[in-house]
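S.K.: Starting off with a structure, shown below.
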Amino acid sequence: MSSPPVQDLAWLKTIPPSSALVWATGSVQARVSQELQFGMAPSFDDIPGAVCTLIAVGGGSLMDQAKYIRARQRPGLRLVLVPSIWGSGAEASPVVVLNREGGKEIASGSEFLPDTVIYWPGLLATVSPARARRACGDTWAHALEAFLSPLAGDQLRGQLAILIGEMLRLPLGNDPRWFSLSARACAFQAQASVGLVHGIAHVLEHPCRARHPEQEWGHARLCSAFLLPVMRLNRLASPKWSALARQYAIDEPAVWDVLQRLFEPEACSAAFPLLQVNWTKVLRDPCTRTNGALIRSRHLDEIERLVAA
Amino acid sequence: MAAATLITNIEKLKDLLVDVFLIDPKEFHLDLKREQIDTWDSLGIVSLAVGVQETFGYHFTQDEAIAITGIRDIIAALEARGISFDE
């Protein structure tokens, strides 16, 4: 399965305005309207039959919705994805994660890949430092969990080790170079699956938002916040991480330093009571079940200790 | 001095399978078959292989893991590798 071609903003502007509509997340709509000559579609249901290109601009959820609905309802529609921030890598992945009542639904297939991807660094102007750091954490979670996954083979681990080396050279913050690294991390994790960090994020995203509506809970924040305690748990539960890090010449102390900087103890503490309530669901989540080390029911106590530490 | 508790390999396996397949310990018995456990699916096979390696130090090959149809098959495969399950 090959990656979708990447174009620039100038290419997007060559599309006739009457043949395309934009579906954009609220935070970037003004910027998109200012720069592009296309009309706005309030939702997928409002796309007239004459429109042959949909340009979806937003985060992972919006891009996954666009991928899914296009594949199911309008397979002939050309889909252009423009991520408003890196992290999800949804623009490069054949996987879709959909919000459903009671949890997340995951589907995968080449029909979900977009036709074209555009990286537009200008959209990052309004991204806060905290959001940028969490998007880096999301990318790190994809890369590390895919690297440790029991489904990853030698060749994929080699590619992930190179990617991790490149990620270590980038600052944790607002930098458009994260777009391509995030897309690669996501494409790799689509081949190997992920682990407990994603199991926690998928199960807790909705309850955290419901319990703490005043806080910015999302997939990236949960991934970023729980990555350090989960990696520590992996290290305690199995020698696999350290052995693989040595085998693939990964700078392990540098990775731990990154994880320490991504860690948000107050977020983990706020989410932990919900983790306790939902622990069985987390254990049953497909991502948890492909964690690098086997996650056992008693590990909840270990995570509590590691969060507090 | 407290007496050391010796955990038998059967107990280790039970503890492992209860966690891998998320089954009630009270419902665990050695004659359980794959079709009786809803979580013994393709992901369950992956988790089982990871758990057996962590617990017994033996890595099931893909063919071995897929060929296993019940708990007694797991025991037989491990006994063939010199891991004893005698009480």
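For the structure tokens, the naming scheme is as follows: chains receive sequential letters (A, B, ...) according to their order of presentation, residues are indexed from 1 within each chain, and ligands are indexed from 1 in presentation order.
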Output as a PyMOL selection string the set of chain B residues within 9 Å of chain A, with distances taken over only C-alpha atoms.
M.R.: chain B and resi 16+18-22+39+43-44+46-51+54
S.K.: With C-alpha atoms retained, export the selected residues as an mmCIF file, in the first residue's frame.
M.R.:
data_model
loop_
_atom_site.group_PDB
_atom_site.id
_atom_site.type_symbol
_atom_site.label_atom_id
_atom_site.label_comp_id
_atom_site.auth_asym_id
_atom_site.auth_seq_id
_atom_site.Cartn_x
_atom_site.Cartn_y
_atom_site.Cartn_z
ATOM 1 C CA LEU B 16 -1.240 -15.896 32.618
ATOM 2 C CA VAL B 18 -6.717 -15.453 32.995
ATOM 3 C CA ASP B 19 -4.993 -12.200 32.069
ATOM 4 C CA VAL B 20 -4.422 -12.945 28.387
ATOM 5 C CA PHE B 21 -7.998 -14.010 27.723
ATOM 6 C CA LEU B 22 -9.673 -11.906 30.436
ATOM 7 C CA THR B 39 -11.088 -13.366 23.383
ATOM 8 C CA LEU B 43 -5.202 -10.722 18.913
ATOM 9 C CA GLY B 44 -5.513 -13.310 21.683
ATOM 10 C CA VAL B 46 -0.564 -12.513 19.745
ATOM 11 C CA SER B 47 -1.069 -11.787 23.463
ATOM 12 C CA LEU B 48 -0.659 -15.466 24.291
ATOM 13 C CA ALA B 49 2.681 -15.616 22.469
ATOM 14 C CA VAL B 50 3.906 -12.463 24.270
ATOM 15 C CA GLY B 51 2.722 -13.775 27.653
ATOM 16 C CA GLU B 54 7.517 -13.385 29.334
#
S.K.: Can you pull out the residues contacting B:His29? Cut-off 12 Å, using only C-alpha atoms, and skip same-chain residues under 2 positions away; I want them as an NGL selection string.
M.R.: :B and (10-11 or 13-15 or 17-18 or 23-27 or 31-33 or 36-37 or 70-72)
S.K.: Mind checking DSSP for stretch 115-172 of chain A and telling me the helix (DSSP H, G or I) residues as a PDB file with N, CA and C atoms, in the first residue's frame?
M.R.:
ATOM      1  N   PRO A 121       2.019  24.739   6.319  1.00  0.00           N
ATOM      2  CA  PRO A 121       2.604  25.220   7.588  1.00  0.00           C
ATOM      3  C   PRO A 121       1.921  26.473   8.132  1.00  0.00           C
ATOM      4  N   GLY A 122       1.326  27.296   7.249  1.00  0.00           N
ATOM      5  CA  GLY A 122       0.665  28.518   7.709  1.00  0.00           C
ATOM      6  C   GLY A 122      -0.466  28.258   8.687  1.00  0.00           C
ATOM      7  N   LEU A 123      -1.034  27.054   8.654  1.00  0.00           N
ATOM      8  CA  LEU A 123      -2.129  26.742   9.585  1.00  0.00           C
ATOM      9  C   LEU A 123      -1.637  26.604  11.025  1.00  0.00           C
ATOM     10  N   LEU A 124      -0.328  26.476  11.195  1.00  0.00           N
ATOM     11  CA  LEU A 124       0.209  26.257  12.547  1.00  0.00           C
ATOM     12  C   LEU A 124       0.338  27.552  13.357  1.00  0.00           C
ATOM     13  N   ALA A 125       0.064  28.689  12.718  1.00  0.00           N
ATOM     14  CA  ALA A 125       0.296  29.976  13.400  1.00  0.00           C
ATOM     15  C   ALA A 125      -0.488  30.108  14.698  1.00  0.00           C
ATOM     16  N   THR A 126      -1.669  29.507  14.743  1.00  0.00           N
ATOM     17  CA  THR A 126      -2.514  29.675  15.941  1.00  0.00           C
ATOM     18  C   THR A 126      -2.417  28.490  16.912  1.00  0.00           C
ATOM     19  N   PRO A 129       1.624  26.339  22.255  1.00  0.00           N
ATOM     20  CA  PRO A 129       2.787  25.480  22.558  1.00  0.00           C
ATOM     21  C   PRO A 129       2.380  24.146  23.185  1.00  0.00           C
ATOM     22  N   ALA A 130       1.359  24.161  24.052  1.00  0.00           N
ATOM     23  CA  ALA A 130       0.943  22.900  24.704  1.00  0.00           C
ATOM     24  C   ALA A 130       0.380  21.931  23.666  1.00  0.00           C
ATOM     25  N   ARG A 131      -0.418  22.456  22.751  1.00  0.00           N
ATOM     26  CA  ARG A 131      -1.021  21.585  21.734  1.00  0.00           C
ATOM     27  C   ARG A 131       0.059  21.030  20.798  1.00  0.00           C
ATOM     28  N   ALA A 132       1.018  21.871  20.471  1.00  0.00           N
ATOM     29  CA  ALA A 132       2.119  21.421  19.598  1.00  0.00           C
ATOM     30  C   ALA A 132       2.918  20.306  20.283  1.00  0.00           C
ATOM     31  N   ARG A 133       3.189  20.492  21.596  1.00  0.00           N
ATOM     32  CA  ARG A 133       3.966  19.476  22.322  1.00  0.00           C
ATOM     33  C   ARG A 133       3.191  18.155  22.374  1.00  0.00           C
ATOM     34  N   ARG A 134       1.865  18.254  22.609  1.00  0.00           N
ATOM     35  CA  ARG A 134       1.061  17.021  22.684  1.00  0.00           C
ATOM     36  C   ARG A 134       1.003  16.318  21.324  1.00  0.00           C
ATOM     37  N   ALA A 135       0.993  17.103  20.244  1.00  0.00           N
ATOM     38  CA  ALA A 135       1.002  16.486  18.907  1.00  0.00           C
ATOM     39  C   ALA A 135       2.307  15.720  18.691  1.00  0.00           C
ATOM     40  N   CYS A 136       3.402  16.256  19.236  1.00  0.00           N
ATOM     41  CA  CYS A 136       4.680  15.523  19.186  1.00  0.00           C
ATOM     42  C   CYS A 136       4.561  14.231  19.998  1.00  0.00           C
ATOM     43  N   GLY A 137       3.882  14.321  21.151  1.00  0.00           N
ATOM     44  CA  GLY A 137       3.683  13.134  21.997  1.00  0.00           C
ATOM     45  C   GLY A 137       2.879  12.063  21.273  1.00  0.00           C
ATOM     46  N   ASP A 138       1.890  12.487  20.514  1.00  0.00           N
ATOM     47  CA  ASP A 138       1.089  11.536  19.732  1.00  0.00           C
ATOM     48  C   ASP A 138       1.989  10.813  18.719  1.00  0.00           C
ATOM     49  N   THR A 139       2.857  11.572  18.066  1.00  0.00           N
ATOM     50  CA  THR A 139       3.785  10.984  17.088  1.00  0.00           C
ATOM     51  C   THR A 139       4.737  10.007  17.783  1.00  0.00           C
ATOM     52  N   TRP A 140       5.249  10.424  18.943  1.00  0.00           N
ATOM     53  CA  TRP A 140       6.151   9.542  19.699  1.00  0.00           C
ATOM     54  C   TRP A 140       5.438   8.253  20.108  1.00  0.00           C
ATOM     55  N   ALA A 141       4.168   8.373  20.510  1.00  0.00           N
ATOM     56  CA  ALA A 141       3.417   7.168  20.915  1.00  0.00           C
ATOM     57  C   ALA A 141       3.258   6.215  19.736  1.00  0.00           C
ATOM     58  N   HIS A 142       2.962   6.768  18.553  1.00  0.00           N
ATOM     59  CA  HIS A 142       2.850   5.901  17.368  1.00  0.00           C
ATOM     60  C   HIS A 142       4.169   5.176  17.104  1.00  0.00           C
ATOM     61  N   ALA A 143       5.251   5.931  17.118  1.00  0.00           N
ATOM     62  CA  ALA A 143       6.547   5.350  16.750  1.00  0.00           C
ATOM     63  C   ALA A 143       6.997   4.293  17.765  1.00  0.00           C
ATOM     64  N   LEU A 144       6.915   4.627  19.048  1.00  0.00           N
ATOM     65  CA  LEU A 144       7.427   3.695  20.061  1.00  0.00           C
ATOM     66  C   LEU A 144       6.539   2.459  20.196  1.00  0.00           C
ATOM     67  N   GLU A 145       5.225   2.667  20.148  1.00  0.00           N
ATOM     68  CA  GLU A 145       4.346   1.496  20.310  1.00  0.00           C
ATOM     69  C   GLU A 145       4.432   0.577  19.091  1.00  0.00           C
ATOM     70  N   ALA A 146       4.584   1.170  17.907  1.00  0.00           N
ATOM     71  CA  ALA A 146       4.755   0.327  16.710  1.00  0.00           C
ATOM     72  C   ALA A 146       6.081  -0.427  16.789  1.00  0.00           C
ATOM     73  N   PHE A 147       7.131   0.251  17.250  1.00  0.00           N
ATOM     74  CA  PHE A 147       8.451  -0.369  17.366  1.00  0.00           C
ATOM     75  C   PHE A 147       8.405  -1.584  18.302  1.00  0.00           C
ATOM     76  N   LEU A 148       7.642  -1.459  19.406  1.00  0.00           N
ATOM     77  CA  LEU A 148       7.579  -2.534  20.394  1.00  0.00           C
ATOM     78  C   LEU A 148       6.531  -3.596  20.080  1.00  0.00           C
ATOM     79  N   ASP A 154      11.441  -7.370  11.601  1.00  0.00           N
ATOM     80  CA  ASP A 154      12.779  -6.780  11.663  1.00  0.00           C
ATOM     81  C   ASP A 154      12.917  -5.554  10.749  1.00  0.00           C
ATOM     82  N   GLN A 155      12.386  -5.657   9.524  1.00  0.00           N
ATOM     83  CA  GLN A 155      12.534  -4.550   8.579  1.00  0.00           C
ATOM     84  C   GLN A 155      11.783  -3.305   9.074  1.00  0.00           C
ATOM     85  N   LEU A 156      10.574  -3.514   9.552  1.00  0.00           N
ATOM     86  CA  LEU A 156       9.778  -2.382  10.041  1.00  0.00           C
ATOM     87  C   LEU A 156      10.451  -1.742  11.258  1.00  0.00           C
ATOM     88  N   ARG A 157      10.967  -2.571  12.158  1.00  0.00           N
ATOM     89  CA  ARG A 157      11.663  -2.012  13.341  1.00  0.00           C
ATOM     90  C   ARG A 157      12.873  -1.189  12.902  1.00  0.00           C
ATOM     91  N   GLY A 158      13.562  -1.657  11.871  1.00  0.00           N
ATOM     92  CA  GLY A 158      14.713  -0.901  11.358  1.00  0.00           C
ATOM     93  C   GLY A 158      14.275   0.467  10.849  1.00  0.00           C
ATOM     94  N   GLN A 159      13.163   0.501  10.120  1.00  0.00           N
ATOM     95  CA  GLN A 159      12.655   1.781   9.604  1.00  0.00           C
ATOM     96  C   GLN A 159      12.205   2.683  10.756  1.00  0.00           C
ATOM     97  N   LEU A 160      11.587   2.071  11.755  1.00  0.00           N
ATOM     98  CA  LEU A 160      11.136   2.865  12.905  1.00  0.00           C
ATOM     99  C   LEU A 160      12.314   3.404  13.713  1.00  0.00           C
ATOM    100  N   ALA A 161      13.380   2.627  13.803  1.00  0.00           N
ATOM    101  CA  ALA A 161      14.563   3.096  14.539  1.00  0.00           C
ATOM    102  C   ALA A 161      15.161   4.323  13.851  1.00  0.00           C
ATOM    103  N   ILE A 162      15.188   4.300  12.514  1.00  0.00           N
ATOM    104  CA  ILE A 162      15.685   5.479  11.768  1.00  0.00           C
ATOM    105  C   ILE A 162      14.774   6.676  12.040  1.00  0.00           C
ATOM    106  N   LEU A 163      13.466   6.442  11.992  1.00  0.00           N
ATOM    107  CA  LEU A 163      12.503   7.520  12.249  1.00  0.00           C
ATOM    108  C   LEU A 163      12.686   8.090  13.665  1.00  0.00           C
ATOM    109  N   ILE A 164      12.841   7.203  14.650  1.00  0.00           N
ATOM    110  CA  ILE A 164      13.013   7.651  16.034  1.00  0.00           C
ATOM    111  C   ILE A 164      14.272   8.520  16.145  1.00  0.00           C
ATOM    112  N   GLY A 165      15.323   8.135  15.443  1.00  0.00           N
ATOM    113  CA  GLY A 165      16.553   8.947  15.426  1.00  0.00           C
ATOM    114  C   GLY A 165      16.280  10.343  14.880  1.00  0.00           C
ATOM    115  N   GLU A 166      15.486  10.425  13.814  1.00  0.00           N
ATOM    116  CA  GLU A 166      15.149  11.740  13.244  1.00  0.00           C
ATOM    117  C   GLU A 166      14.268  12.536  14.202  1.00  0.00           C
ATOM    118  N   MET A 167      13.349  11.862  14.868  1.00  0.00           N
ATOM    119  CA  MET A 167      12.468  12.557  15.822  1.00  0.00           C
ATOM    120  C   MET A 167      13.271  13.134  16.988  1.00  0.00           C
ATOM    121  N   LEU A 168      14.299  12.408  17.402  1.00  0.00           N
ATOM    122  CA  LEU A 168      15.122  12.903  18.514  1.00  0.00           C
ATOM    123  C   LEU A 168      15.831  14.204  18.167  1.00  0.00           C
TER     124      LEU A 168
END
S.K.: One decimal, in Å: what's the spacing between atom CA of A:Ala50 and atom CA of A:Ile69?
M.R.: 17.1 Å
S.K.: Taking only C-alpha atoms into account, name the residue in A:Leu9, A:Leu79, A:Ala90, A:Val282 that is nearest to A:Gly58.
M.R.: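 That would be A:Ala90, the residue with the smallest distance to A:Gly58.
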S.K.: Rounded to one decimal in Å, what is the spacing between atom CA of A:Lys281 and atom CA of A:Arg100?
M.R.: 14.6 Å
S.K.: When you draw a straight line from atom CA of A:Gln189 to atom CA of A:Asp115, how long is it in Å?
M.R.: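 Going from atom CA of A:Gln189 over to atom CA of A:Asp115 covers 20.2 Å.
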S.K.: With a distance cut-off of 6 Å and only C-alpha atoms, select the neighbouring residues of stretch 18-32 of chain A, excluding the residue or stretch itself and same-chain residues fewer than 6 positions from it, and output the selection as a list in words.
M.R.: Phe38, Gly39, Met40, Ala41, Val51, Cys52, Thr53, Leu54, Ile55, Ala56, Val57 and Gly58 of chain A
S.K.: Restricted to N, CA and C atoms, what would the selected residues look like written as a PDB file, in the first residue's frame?
M.R.:
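Generated file (again20.pdb):
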ATOM      1  N   PHE A  38     -12.415  28.332  -2.531  1.00  0.00           N
ATOM      2  CA  PHE A  38     -13.489  27.333  -2.582  1.00  0.00           C
ATOM      3  C   PHE A  38     -14.586  27.642  -1.566  1.00  0.00           C
ATOM      4  N   GLY A  39     -15.795  27.134  -1.855  1.00  0.00           N
ATOM      5  CA  GLY A  39     -16.885  27.249  -0.901  1.00  0.00           C
ATOM      6  C   GLY A  39     -16.686  26.285   0.256  1.00  0.00           C
ATOM      7  N   MET A  40     -17.442  26.547   1.338  1.00  0.00           N
ATOM      8  CA  MET A  40     -17.333  25.704   2.533  1.00  0.00           C
ATOM      9  C   MET A  40     -18.524  24.746   2.604  1.00  0.00           C
ATOM     10  N   ALA A  41     -18.244  23.497   2.925  1.00  0.00           N
ATOM     11  CA  ALA A  41     -19.316  22.519   3.145  1.00  0.00           C
ATOM     12  C   ALA A  41     -19.528  22.395   4.646  1.00  0.00           C
ATOM     13  N   VAL A  51     -19.911  18.490  -7.355  1.00  0.00           N
ATOM     14  CA  VAL A  51     -18.572  18.667  -6.761  1.00  0.00           C
ATOM     15  C   VAL A  51     -17.781  17.371  -6.898  1.00  0.00           C
ATOM     16  N   CYS A  52     -16.586  17.465  -7.458  1.00  0.00           N
ATOM     17  CA  CYS A  52     -15.813  16.224  -7.631  1.00  0.00           C
ATOM     18  C   CYS A  52     -14.576  16.165  -6.734  1.00  0.00           C
ATOM     19  N   THR A  53     -14.302  17.248  -5.980  1.00  0.00           N
ATOM     20  CA  THR A  53     -13.157  17.208  -5.056  1.00  0.00           C
ATOM     21  C   THR A  53     -13.584  17.736  -3.687  1.00  0.00           C
ATOM     22  N   LEU A  54     -13.273  16.977  -2.660  1.00  0.00           N
ATOM     23  CA  LEU A  54     -13.499  17.450  -1.292  1.00  0.00           C
ATOM     24  C   LEU A  54     -12.131  17.688  -0.656  1.00  0.00           C
ATOM     25  N   ILE A  55     -11.976  18.900  -0.102  1.00  0.00           N
ATOM     26  CA  ILE A  55     -10.727  19.243   0.584  1.00  0.00           C
ATOM     27  C   ILE A  55     -11.048  19.294   2.075  1.00  0.00           C
ATOM     28  N   ALA A  56     -10.582  18.324   2.815  1.00  0.00           N
ATOM     29  CA  ALA A  56     -10.867  18.268   4.254  1.00  0.00           C
ATOM     30  C   ALA A  56      -9.669  18.826   5.013  1.00  0.00           C
ATOM     31  N   VAL A  57      -9.911  19.877   5.800  1.00  0.00           N
ATOM     32  CA  VAL A  57      -8.833  20.547   6.529  1.00  0.00           C
ATOM     33  C   VAL A  57      -9.126  20.419   8.024  1.00  0.00           C
ATOM     34  N   GLY A  58      -8.282  19.749   8.758  1.00  0.00           N
ATOM     35  CA  GLY A  58      -8.534  19.614  10.190  1.00  0.00           C
ATOM     36  C   GLY A  58      -7.611  18.612  10.842  1.00  0.00           C
TER      37      GLY A  58
END
S.K.: For a quick check of understanding, using only C-alpha atoms, which of A:Leu98, A:Leu227, A:Ala254, A:Val117 has the smallest distance to A:Leu170?
M.R.: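 Ranking A:Leu98, A:Leu227, A:Ala254, A:Val117 by distance to A:Leu170, first place goes to A:Ala254.
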S.K.: Looking only at the backbone, which of the residues in stretch 10-224 of chain A does DSSP tag as strand (DSSP E), as a ChimeraX atom specification?
M.R.: /A:20-24,39-40,53-58,78-83,95-100,103-108,116-118
